[in-house]
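Asks: This is the structure I want to talk about, given as structure tokens.
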Amino acid sequence: MNSLTRGPTQWARAAALSVALLAAVAVPSAASAATSGSSPSAASGQSVSAPAGLLASKRLNITMQAQQNSNWCWAASGNTVAAYYGYTYSQNQFCNLAFNRSMNSSCPNNQASLANDQTAFYAIGISTGRYVSGYLYYSTVQTEINANRPVMTRIEWQSGGGHMMDIYGYDTANSWVYWGNPWGSSTRYNWGTHSYYVNNNSFFWTHSLYQIGL
């Protein structure tokens with residue numbers, strides 16, 4: 001897996017991303033850095049059986065955080081989930097927990113993987129979930145949202161480099177998913193079809209962290 005975006009390239013990607021998404025969705029206009037990190041389970045397109053009688057639509061009441069440093073998309077996305085579960089930490093504290101550092105020291109502006117988010121969740125006391133390589137089937141997304149669990153995702157820009165975002169809802173009438181983007185200048189809350197989120201002209205979904213808090 002290629003690693004991550006570099007700061008000077010992020011603004012160049014923003015214009016291309018905005019143009020690519022206008023037709024179908026409200027979307028981010030820029031990227032931030034995120035690595036694939038340590039290897040997750042090889043389970044591309046991993047699916048969990050959906051329960052009978054799925055709802056037509058549901059959105060979780062997350063408050064998507066804006067990342068406070070250029071490489072902290074993973075920290076903002078993970079801390080958004082921690083806050084959703086009722087825990088109050090700064091992104092700096094969450095970053096330190098993710099790297100087993102003293103919680104109130106100054107955390108470097110490091111790139112990270114969803115495995116680092118798991119490390120922080122473990123320290124906080126949140127069930128760390130299942131980290132897999134690849135996207136989740138739409139039925140799996142519905143299962144997670146119906147169980148009131150946000151899904152963390154890593155996407156890869158078609159031009160190279162990665163970014164973390166949280167899926168917090170779905171609408172089966174249009175096969176939509178709803179996701180939050182932590183990049184500061186981007187639209188915070190977005191939507192588009194599941195197939196779009198899996199792979200489009202701007203990015204594709206590479207890794208998933210789900211069953212968080214199970």
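Every chain in the structure tokens takes a letter, A first, then B, and so on in the order presented; its residues are numbered from 1, and the ligands are numbered from 1 following the presented order.
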Which polymer residues have any atom within 9 Å of an atom of Gly78 (chain A), counting only C-alpha atoms, with same-chain residues fewer than 5 positions away left out, as a PyMOL selection string?
Replies: chain A and resi 73+83+91+94+114+117-118+120-121+152+164-166
Asks: Of the residues A:Ser106, A:Gly125, A:Ile167, A:Trp157, which is the one nearest to Arg188 (chain A), using only C-alpha atoms?
Replies: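 When distances to Arg188 (chain A) are compared using only C-alpha atoms, the smallest one comes from A:Ile167.
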Asks: Identify, on the basis of only C-alpha atoms, every residue whose closest approach to Pro182 (chain A) does not exceed 6 Å; exclude the query and any residue fewer than 3 positions from it along the same chain; express the result as a VMD selection string.
Replies: chain A and resid 65 to 67 73
Asks: Taking 4 positions as the minimum chain separation for residues in the same chain, which residues sit within 10 Å of Thr63 (chain A) when counting only C-alpha atoms? Answer as a PyMOL selection string.
Replies: chain A and resi 80-81+83-84+180+188-189
Asks: Taking the backbone alone, and naming residues the way the document does, which bits of region 75-191 of chain A are alpha helix (DSSP H) by DSSP, as a VMD selection string?
Replies: chain A and resid 75 to 84 91 to 98 114 to 124 138 to 146
Asks: Separation of CA of Cys95 (chain A) and CA of Gly162 (chain A), in Å?
Replies: 17.8 Å
Asks: Please indicate the distance in Å from CA of His207 (chain A) to CA of Ile62 (chain A), rounded to one decimal place.
Replies: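 Going from CA of His207 (chain A) over to CA of Ile62 (chain A) covers 20.7 Å.
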Asks: I need the residue nearest Thr172 (chain A) from this list: A:Gln93, A:Ser133, A:Gln142, A:Asn201. Use only C-alpha atoms for the distance.
Replies: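 Closest to Thr172 (chain A) of all the choices is A:Gln142.
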Asks: To one decimal place, how far is CA of Tyr85 (chain A) from CA of Leu209 (chain A) in Å?
Replies: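 Value for the CA of Tyr85 (chain A)-CA of Leu209 (chain A) distance: 15.5 Å.
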Asks: Have a look at A:Gln211, A:Asn69, A:Asn100, A:Ser57 and name the one nearest to Pro150 (chain A); count only C-alpha atoms.
Replies: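 Using only C-alpha atoms, the shortest distance to Pro150 (chain A) belongs to A:Gln211.
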Asks: Excluding Tyr138 (chain A) and its own-chain neighbours fewer than 2 positions away, which residues fall within 9 Å of it when counting only C-alpha atoms? Please give them as a PyMOL selection string.
Replies: chain A and resi 47+136+140-143+170+175+177+194-195
Asks: So, with only C-alpha atoms as the atoms that count, which of A:Ser185, A:Asn116, A:Asn71, A:Ser159 lies closest to Phe203 (chain A)?
Replies: A:Ser159
Asks: Could you pull out all residues of region 40-179 of chain A with a DSSP call of strand (DSSP E or B) and give them as number ranges by chain?
Replies: A: 41-42, 46, 57-59, 130-133, 136, 151-157, 162-171, 176-179
